[in-house]
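Participant: Just one file: my_file-v5.tsv, with TSV, C-alpha atoms.
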```tsv
chain	number	residue	atom	x	y	z
C	2	MET	CA	-15.15	18.20	-23.23
C	3	ILE	CA	-13.21	20.44	-20.86
C	4	PHE	CA	-13.53	17.83	-18.11
C	5	LEU	CA	-12.00	15.21	-20.39
C	6	ILE	CA	-9.11	17.52	-21.24
C	7	LEU	CA	-8.47	18.25	-17.56
C	8	GLU	CA	-8.58	14.54	-16.76
C	9	HIS	CA	-5.93	13.85	-19.39
C	10	ILE	CA	-3.76	16.71	-18.13
C	11	PHE	CA	-3.77	15.55	-14.53
C	12	ILE	CA	-3.37	11.89	-15.38
C	13	HIS	CA	-0.41	12.65	-17.64
C	14	ILE	CA	1.17	14.85	-14.96
C	15	SER	CA	0.69	12.05	-12.46
C	16	PHE	CA	2.03	9.35	-14.77
C	17	SER	CA	5.03	11.45	-15.85
C	18	THR	CA	5.88	12.18	-12.24
C	19	ILE	CA	5.60	8.49	-11.42
C	20	CYS	CA	8.01	7.58	-14.23
C	21	ILE	CA	10.53	10.15	-12.98
C	22	LEU	CA	10.19	8.83	-9.42
C	23	ILE	CA	10.90	5.29	-10.64
C	24	MET	CA	14.13	6.51	-12.28
C	25	ILE	CA	15.14	8.37	-9.13
C	26	HIS	CA	14.50	5.31	-6.96
C	27	LEU	CA	16.62	3.18	-9.30
C	28	MET	CA	19.45	5.73	-9.28
C	29	ASN	CA	19.43	5.85	-5.48
C	30	LEU	CA	19.35	2.08	-5.27
C	31	LEU	CA	21.84	1.12	-7.98
C	32	VAL	CA	24.18	4.10	-8.29
C	33	TYR	CA	24.49	6.36	-5.26
C	34	GLU	CA	22.16	7.81	-2.66
C	35	ILE	CA	21.93	11.59	-3.06
C	36	ASP	CA	20.16	13.92	-0.63
C	37	ALA	CA	18.79	16.17	-3.37
C	38	LEU	CA	17.19	13.19	-5.11
C	39	ASP	CA	15.52	12.10	-1.86
C	40	ASN	CA	14.02	15.57	-1.49
C	41	SER	CA	12.76	15.46	-5.07
C	42	VAL	CA	11.07	12.10	-4.38
C	43	ASP	CA	9.15	13.65	-1.49
C	44	LYS	CA	8.05	16.58	-3.64
C	45	GLY	CA	7.13	14.21	-6.46
C	46	MET	CA	4.91	12.16	-4.17
C	47	VAL	CA	3.10	15.35	-3.12
C	48	ALA	CA	2.64	16.37	-6.76
C	49	THR	CA	1.31	12.90	-7.58
C	50	PHE	CA	-1.15	13.06	-4.69
C	51	PHE	CA	-2.62	16.38	-5.84
C	52	SER	CA	-2.74	15.21	-9.46
C	53	ILE	CA	-4.66	12.02	-8.62
C	54	THR	CA	-6.94	13.94	-6.24
C	55	SER	CA	-7.73	16.45	-8.99
C	56	PHE	CA	-8.36	13.61	-11.45
C	57	LEU	CA	-10.82	11.89	-9.07
C	58	VAL	CA	-12.66	15.13	-8.28
C	59	ILE	CA	-12.99	16.13	-11.95
C	60	ARG	CA	-14.22	12.67	-12.94
C	61	TRP	CA	-16.68	12.72	-10.03
C	62	ILE	CA	-18.09	16.05	-11.26
C	63	SER	CA	-18.23	15.05	-14.93
C	64	SER	CA	-19.77	11.58	-14.37
C	65	GLU	CA	-22.04	12.74	-11.52
C	66	HIS	CA	-21.19	9.65	-9.49
C	67	PHE	CA	-18.27	8.54	-7.34
C	68	PRO	CA	-15.44	7.56	-9.74
C	69	LEU	CA	-15.39	3.81	-9.20
C	70	SER	CA	-17.30	2.62	-12.25
C	71	ASN	CA	-14.49	0.39	-13.56
C	72	LEU	CA	-11.25	-1.31	-12.62
C	73	TYR	CA	-9.16	1.59	-13.89
C	74	GLU	CA	-10.83	4.07	-11.55
C	75	SER	CA	-10.61	1.67	-8.62
C	76	PHE	CA	-6.86	1.25	-9.18
C	77	MET	CA	-6.47	5.02	-9.28
C	78	PHE	CA	-8.36	5.27	-6.00
C	79	LEU	CA	-6.17	2.49	-4.56
C	80	SER	CA	-3.06	4.41	-5.57
C	81	TRP	CA	-4.53	7.54	-3.97
C	82	SER	CA	-5.16	5.54	-0.77
C	83	PHE	CA	-1.54	4.34	-0.77
C	84	LEU	CA	-0.46	7.99	-0.98
C	85	ILE	CA	-2.61	8.88	2.03
C	86	ILE	CA	-0.98	6.16	4.13
C	87	HIS	CA	2.45	7.10	2.80
C	88	GLY	CA	1.89	10.71	3.88
C	89	ILE	CA	0.73	9.68	7.35
C	90	LEU	CA	3.79	7.49	7.90
C	91	TYR	CA	6.05	10.18	6.45
C	92	PHE	CA	5.00	12.73	9.06
C	93	LYS	CA	4.62	10.23	11.89
C	94	ASN	CA	8.21	9.03	11.38
C	95	GLN	CA	9.73	12.51	11.52
C	96	LYS	CA	10.02	12.95	7.77
C	97	LYS	CA	13.73	12.32	7.18
C	98	ASN	CA	13.80	9.13	9.29
C	99	ASN	CA	11.06	7.35	7.40
C	100	ASP	CA	12.54	4.00	6.35
C	101	LEU	CA	9.04	2.71	5.63
C	102	SER	CA	8.81	4.87	2.51
C	103	ALA	CA	10.97	2.23	0.82
C	104	ILE	CA	7.80	0.09	0.84
C	105	THR	CA	4.98	2.62	0.59
C	106	ALA	CA	6.42	4.71	-2.27
C	107	PRO	CA	7.05	1.82	-4.70
C	108	SER	CA	3.57	0.44	-3.92
C	109	THR	CA	2.06	3.76	-4.99
C	110	ILE	CA	4.29	3.97	-8.05
C	111	LEU	CA	3.53	0.46	-9.32
C	112	THR	CA	-0.22	0.76	-8.76
C	113	GLN	CA	-0.37	4.09	-10.56
C	114	ALA	CA	1.79	2.83	-13.42
C	115	PHE	CA	-0.33	-0.29	-13.89
C	116	ALA	CA	-3.58	1.67	-13.86
C	117	THR	CA	-2.35	4.22	-16.38
C	118	SER	CA	-0.55	1.92	-18.80
C	119	GLY	CA	-2.16	-1.49	-18.26
C	120	LEU	CA	-5.83	-0.49	-18.16
C	121	SER	CA	-5.85	2.14	-20.90
C	122	GLU	CA	-8.95	0.67	-22.56
C	123	MET	CA	-10.96	1.41	-19.40
C	124	HIS	CA	-10.19	5.13	-19.17
C	125	PRO	CA	-13.63	6.42	-20.22
C	126	SER	CA	-16.12	6.83	-17.40
C	127	GLU	CA	-19.17	4.58	-17.77
C	128	ILE	CA	-22.82	4.88	-16.84
C	129	LEU	CA	-23.60	2.90	-13.72
C	130	VAL	CA	-25.77	-0.19	-14.03
C	131	PRO	CA	-29.07	0.07	-12.07
C	132	ALA	CA	-27.76	-2.03	-9.15
C	133	LEU	CA	-24.94	0.48	-8.57
C	134	GLN	CA	-27.12	3.59	-8.70
C	135	SER	CA	-27.37	3.85	-4.93
C	136	GLN	CA	-26.16	6.09	-2.13
C	137	TRP	CA	-24.35	3.04	-0.75
C	138	LEU	CA	-21.82	3.16	-3.61
C	139	LEU	CA	-19.65	5.77	-1.93
C	140	MET	CA	-19.72	4.09	1.49
C	141	HIS	CA	-19.22	0.48	0.42
C	142	VAL	CA	-16.69	0.79	-2.39
C	143	SER	CA	-14.53	3.48	-0.77
C	144	MET	CA	-14.38	1.52	2.51
C	145	MET	CA	-13.40	-1.66	0.68
C	146	LEU	CA	-10.63	0.04	-1.31
C	147	LEU	CA	-9.31	1.90	1.73
C	148	SER	CA	-9.22	-1.44	3.55
C	149	TYR	CA	-7.36	-3.06	0.65
C	150	ALA	CA	-4.76	-0.27	0.68
C	151	ALA	CA	-4.20	-0.45	4.45
C	152	LEU	CA	-4.17	-4.26	4.60
C	153	LEU	CA	-1.82	-4.55	1.61
C	154	LEU	CA	0.72	-2.10	3.06
C	155	GLY	CA	0.47	-3.62	6.53
C	156	SER	CA	1.04	-7.06	5.03
C	157	LEU	CA	4.02	-5.79	3.04
C	158	PHE	CA	5.57	-4.58	6.28
C	159	SER	CA	5.08	-8.07	7.72
C	160	ILE	CA	6.63	-9.64	4.61
C	161	ALA	CA	9.62	-7.30	4.95
C	162	LEU	CA	9.94	-8.34	8.60
C	163	LEU	CA	10.02	-12.01	7.58
C	164	VAL	CA	12.61	-11.39	4.87
C	165	ILE	CA	14.90	-9.50	7.24
C	166	THR	CA	14.51	-12.12	9.96
C	167	PHE	CA	15.06	-15.25	7.89
C	168	ARG	CA	17.51	-14.13	5.24
C	169	LYS	CA	21.09	-14.40	6.42
C	170	ASN	CA	23.46	-11.46	5.99
C	171	ILE	CA	20.72	-9.28	4.51
C	172	PRO	CA	21.90	-5.69	3.94
C	173	ILE	CA	19.66	-3.37	5.95
C	174	LEU	CA	19.05	0.05	4.37
C	175	PHE	CA	19.73	2.42	7.22
C	176	ASN	CA	19.03	6.07	6.98
C	177	LYS	CA	21.83	8.52	6.31
C	178	ASP	CA	22.26	9.50	9.95
C	179	ASN	CA	22.75	5.90	10.96
C	180	ASN	CA	25.30	5.35	8.20
C	181	PHE	CA	27.18	8.44	9.31
C	182	LEU	CA	27.15	7.23	12.91
C	183	ILE	CA	28.48	3.82	11.93
C	184	LYS	CA	31.22	5.26	9.72
C	185	SER	CA	32.27	7.78	12.35
C	186	PHE	CA	32.31	5.17	15.07
C	187	PHE	CA	34.50	2.75	13.16
C	188	SER	CA	36.72	5.44	11.77
C	189	SER	CA	37.60	6.59	15.27
C	190	THR	CA	38.00	3.02	16.45
C	191	ILE	CA	40.45	2.18	13.67
C	192	HIS	CA	42.58	5.24	14.37
C	193	PHE	CA	42.48	4.51	18.08
C	194	ASN	CA	43.96	1.04	17.76
C	195	ASP	CA	44.66	-0.70	14.45
C	196	GLN	CA	45.35	-3.98	16.20
C	197	LYS	CA	41.80	-4.52	17.46
C	198	ASN	CA	40.31	-5.87	14.25
C	199	THR	CA	38.32	-8.51	16.03
C	200	PHE	CA	36.77	-5.97	18.35
C	201	GLN	CA	35.90	-3.74	15.39
C	202	THR	CA	34.19	-6.56	13.53
C	203	THR	CA	32.22	-7.60	16.60
C	204	ALA	CA	31.21	-4.02	17.32
C	205	PHE	CA	30.12	-3.49	13.73
C	206	LEU	CA	27.92	-6.58	13.77
C	207	SER	CA	26.47	-5.60	17.14
C	208	LEU	CA	25.64	-2.09	15.94
C	209	LYS	CA	24.26	-3.47	12.65
C	210	ASN	CA	22.10	-5.95	14.54
C	211	TYR	CA	20.87	-3.16	16.82
C	212	TYR	CA	19.63	-1.07	13.91
C	213	GLU	CA	18.26	-4.20	12.25
C	214	TYR	CA	16.33	-4.96	15.41
C	215	GLN	CA	15.04	-1.39	15.57
C	216	PHE	CA	13.84	-1.55	11.97
C	217	THR	CA	12.05	-4.89	12.44
C	218	GLN	CA	10.35	-3.52	15.54
C	219	LYS	CA	9.19	-0.50	13.55
C	220	LEU	CA	7.87	-2.79	10.82
C	221	ASP	CA	5.99	-4.89	13.37
C	222	TYR	CA	4.61	-1.80	15.14
C	223	TRP	CA	3.24	-0.14	12.00
C	224	SER	CA	2.10	-3.40	10.44
C	225	TYR	CA	-0.17	-4.05	13.40
C	226	ARG	CA	-1.60	-0.55	13.49
C	227	ILE	CA	-2.20	-0.22	9.76
C	228	ILE	CA	-3.77	-3.67	9.55
C	229	SER	CA	-6.01	-2.81	12.51
C	230	LEU	CA	-7.17	0.29	10.64
C	231	GLY	CA	-7.65	-1.73	7.45
C	232	PHE	CA	-9.65	-4.37	9.33
C	233	LEU	CA	-11.98	-1.65	10.61
C	234	PHE	CA	-12.48	-0.36	7.05
C	235	LEU	CA	-13.02	-3.90	5.78
C	236	THR	CA	-15.65	-4.64	8.41
C	237	THR	CA	-17.45	-1.39	7.63
C	238	GLY	CA	-17.28	-2.13	3.91
C	239	ILE	CA	-18.70	-5.65	4.28
C	240	LEU	CA	-21.54	-4.51	6.54
C	241	SER	CA	-22.49	-1.61	4.27
C	242	GLY	CA	-22.27	-3.97	1.28
C	243	ALA	CA	-24.65	-6.39	2.98
C	244	VAL	CA	-27.21	-3.64	3.55
C	245	TRP	CA	-26.80	-2.51	-0.06
C	246	ALA	CA	-27.16	-6.09	-1.31
C	247	ASN	CA	-30.42	-6.46	0.59
C	248	GLU	CA	-31.77	-3.35	-1.11
C	249	ALA	CA	-30.58	-4.37	-4.58
C	250	TRP	CA	-31.02	-8.17	-4.54
C	251	GLY	CA	-33.30	-8.85	-1.57
C	252	SER	CA	-30.69	-10.74	0.46
C	253	TYR	CA	-27.92	-9.63	2.81
C	254	TRP	CA	-25.52	-12.40	1.76
C	255	ASN	CA	-25.43	-14.64	-1.31
C	256	TRP	CA	-22.04	-16.42	-1.15
C	257	ASP	CA	-20.98	-15.42	-4.65
C	258	PRO	CA	-17.18	-15.47	-5.29
C	259	LYS	CA	-16.60	-11.81	-4.39
C	260	GLU	CA	-18.48	-12.07	-1.10
C	261	THR	CA	-16.88	-15.42	-0.25
C	262	TRP	CA	-13.35	-14.13	-0.73
C	263	ALA	CA	-14.18	-10.95	1.18
C	264	PHE	CA	-15.27	-13.17	4.08
C	265	ILE	CA	-12.05	-15.23	3.77
C	266	THR	CA	-10.03	-12.01	3.82
C	267	TRP	CA	-11.89	-10.81	6.91
C	268	THR	CA	-11.28	-14.17	8.62
C	269	ILE	CA	-7.54	-14.17	7.88
C	270	TYR	CA	-7.03	-10.72	9.37
C	271	ALA	CA	-9.29	-11.52	12.31
C	272	ILE	CA	-6.90	-14.41	13.02
C	273	TYR	CA	-3.97	-12.02	12.67
C	274	LEU	CA	-5.43	-9.57	15.20
C	275	HIS	CA	-6.23	-12.46	17.53
C	276	THR	CA	-2.64	-13.73	17.41
C	277	ARG	CA	-1.41	-10.26	18.34
C	278	LYS	CA	-3.20	-10.57	21.69
C	279	ASN	CA	-0.95	-13.47	22.65
C	280	GLN	CA	2.70	-12.50	23.23
C	281	ASN	CA	3.85	-15.97	22.14
C	282	PHE	CA	2.42	-15.37	18.66
C	283	GLN	CA	3.55	-11.79	18.14
C	284	GLY	CA	6.29	-11.07	15.63
C	285	ILE	CA	7.04	-13.94	13.25
C	286	PRO	CA	3.83	-16.03	13.65
C	287	SER	CA	1.52	-13.06	13.17
C	288	ALA	CA	3.66	-11.80	10.27
C	289	ILE	CA	3.18	-15.15	8.52
C	290	VAL	CA	-0.61	-14.79	8.85
C	291	ALA	CA	-0.44	-11.24	7.43
C	292	SER	CA	1.69	-12.49	4.52
C	293	ILE	CA	-1.00	-15.05	3.68
C	294	GLY	CA	-3.54	-12.23	3.84
C	295	PHE	CA	-1.54	-10.30	1.21
C	296	LEU	CA	-2.23	-13.04	-1.36
C	297	ILE	CA	-5.86	-13.41	-0.29
C	298	ILE	CA	-6.54	-9.69	-0.83
C	299	TRP	CA	-5.27	-9.79	-4.40
C	300	ILE	CA	-7.44	-12.82	-5.11
C	301	CYS	CA	-10.46	-11.02	-3.64
C	302	TYR	CA	-9.81	-7.68	-5.34
C	303	PHE	CA	-8.28	-8.61	-8.67
C	304	GLY	CA	-8.40	-12.39	-9.13
C	305	VAL	CA	-12.17	-12.76	-8.73
C	306	ASN	CA	-12.67	-10.12	-11.44
C	307	LEU	CA	-10.95	-12.47	-13.89
C	308	LEU	CA	-13.70	-15.06	-13.39
C	309	GLY	CA	-16.60	-12.78	-14.29
C	310	ILE	CA	-19.17	-14.95	-12.49
C	311	GLY	CA	-21.62	-14.42	-9.65
C	312	LEU	CA	-23.66	-11.41	-8.61
C	313	HIS	CA	-20.57	-9.23	-8.99
C	314	SER	CA	-19.98	-10.37	-12.58
C	315	TYR	CA	-20.27	-6.77	-13.78
C	316	GLY	CA	-17.01	-6.24	-11.88
C	317	SER	CA	-14.99	-8.31	-14.35
C	318	PHE	CA	-12.77	-5.67	-15.95
C	319	SER	CA	-15.69	-3.29	-16.43
C	320	ILE	CA	-17.17	-2.38	-13.07
C	321	SER	CA	-15.29	-2.91	-9.85
C	322	ILE	CA	-16.82	-3.02	-6.37
```
As C-alpha cells, how would this structure be written, given the file I've shared?
Facilitator:
Amino acid sequence: MIFLILEHIFIHISFSTICILIMIHLMNLLVYEIDALDNSVDKGMVATFFSITSFLVIRWISSEHFPLSNLYESFMFLSWSFLIIHGILYFKNQKKNNDLSAITAPSTILTQAFATSGLSEMHPSEILVPALQSQWLLMHVSMMLLSYAALLLGSLFSIALLVITFRKNIPILFNKDNNFLIKSFFSSTIHFNDQKNTFQTTAFLSLKNYYEYQFTQKLDYWSYRIISLGFLFLTTGILSGAVWANEAWGSYWNWDPKETWAFITWTIYAIYLHTRKNQNFQGIPSAIVASIGFLIIWICYFGVNLLGIGLHSYGSFSISI
C-alpha cells in the first residue's frame, strides 16, 4: 500500500511540474522571454527527472520486475529517456546556450502528459505473462525504448533543419546573447549614420543568416550523433530480442508486425547513416531520410499496438515490448 501511495505522490509531482512547465513555455513564447522563467524551466526539468526516476524505482521494487509491463510504463520510461538526452545536451551545449532544449523539453513534456492523462486506465502494475518472465526483459525492452527516444529526438532535429532551410523568412529563435549582440550592433550603426539604411538591412540579414547557419549546423551535428547512438541501442535491442524470442518461441525471427516494423526502422536509419558517409548526401538528403524514420518509429512503437495481432499481441495497450 505504501508503494502505491509513493507512486501517486511522485507521479502527481511530476505531472504538476510538467503542467507548470507548459505554461512557462507558452508565456516565454507568446508573451515575453524572461530570464527567471528560463531558470525555473531548468529546475523544473530536474525535478521532473527525479520524480520519474523515483516512480520507476518504486514500481520496480513493488512489482518485482522491470516497470515495462504496459504501455503506460513504457511511455513513462520513454519520457525518462528524453530527460536523459535533454540533460546531456544541456551540459554539452554550455547550459545557457542550449537552443536544442526548444525541441527536447517539449518532447519530454508531451510524452509525460500523454502517459499521465491519456493512459490513466493502465496505471496499475500487472503480472507478467509467462513469455515475459525472463532476464532478457530488462535488456531488450530498455534498449528498444532508449533507441526510440534517441532516434525520435535525432529525427526531430533533422525535421527542424528541414523547416528552417525550406521555409522562407522563418524567425530563428536566437539565444539572449545573440539578440543582445544584434541589437547592440544595429543600435550603434544607426547612431553612426542614419543615412545608411540599405547597409543596415543588408548587415542585419547577413548576421541573421550567419546565426541561422550556425543553428542548422548544430542541428545537423547533434542529429547525426544522437541517431548514431539510437541506432546502436536499436541494434542491441533487436539482437537481444531475437535471442529472447528463440528461448520463448523456439525461433529467432517470426516476421510478425512488431518485428517487421522494427526491421524497417533499422533499415531506414541504416540508410541514414550510410548517406552521412557521402558528403553529397549530408545535410538535406540525410535529414529527409531521418524525417521518414520519425514516422516509422511511431508506427513501430505505437501504431502496431493498435492492431493487437501477431506474437506481440499482448503489447496492444496492455503489455508493451
Participant: Quick one: pull the distance between atom CA of C:Ile6 and atom CA of C:Ser82, Å, one decimal.
Facilitator: 24.0 Å
Participant: Find the spatial neighbours of C:Ile285, counting all atoms listed in the file, within a cut-off of 10 Å - ignore same-chain residues fewer than 4 positions away - and output them as a ChimeraX atom specification.
Facilitator: /C:159-160,162-163,166-167,221,281,289-291
Participant: With all atoms listed in the file as the counted atoms, please give the residues lying no more than 10 Å from stretch 41-50 of chain C, apart from itself and same-chain residues fewer than 5 positions off, as a PyMOL selection string.
Facilitator: chain C and resi 11-12+14-19+21-23+25-26+36+55-56+80-85+87-88+91+96-97+102+106+109-110+113
Participant: What residues have an atom no more than 9 Å from (-2.7, 0.8, -12.0) in the file's own frame, counting all atoms listed in the file, and can you write them as an NGL selection string?
Facilitator: :C and (72-77 or 79-80 or 109-120)
Participant: Which residue gives the smallest distance to C:Tyr149 among C:Thr236, C:Ser287, C:Ser241, C:Asn247, with all atoms listed in the file counted?
Facilitator: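 When distances to C:Tyr149 are compared using all atoms listed in the file, the smallest one comes from C:Thr236.
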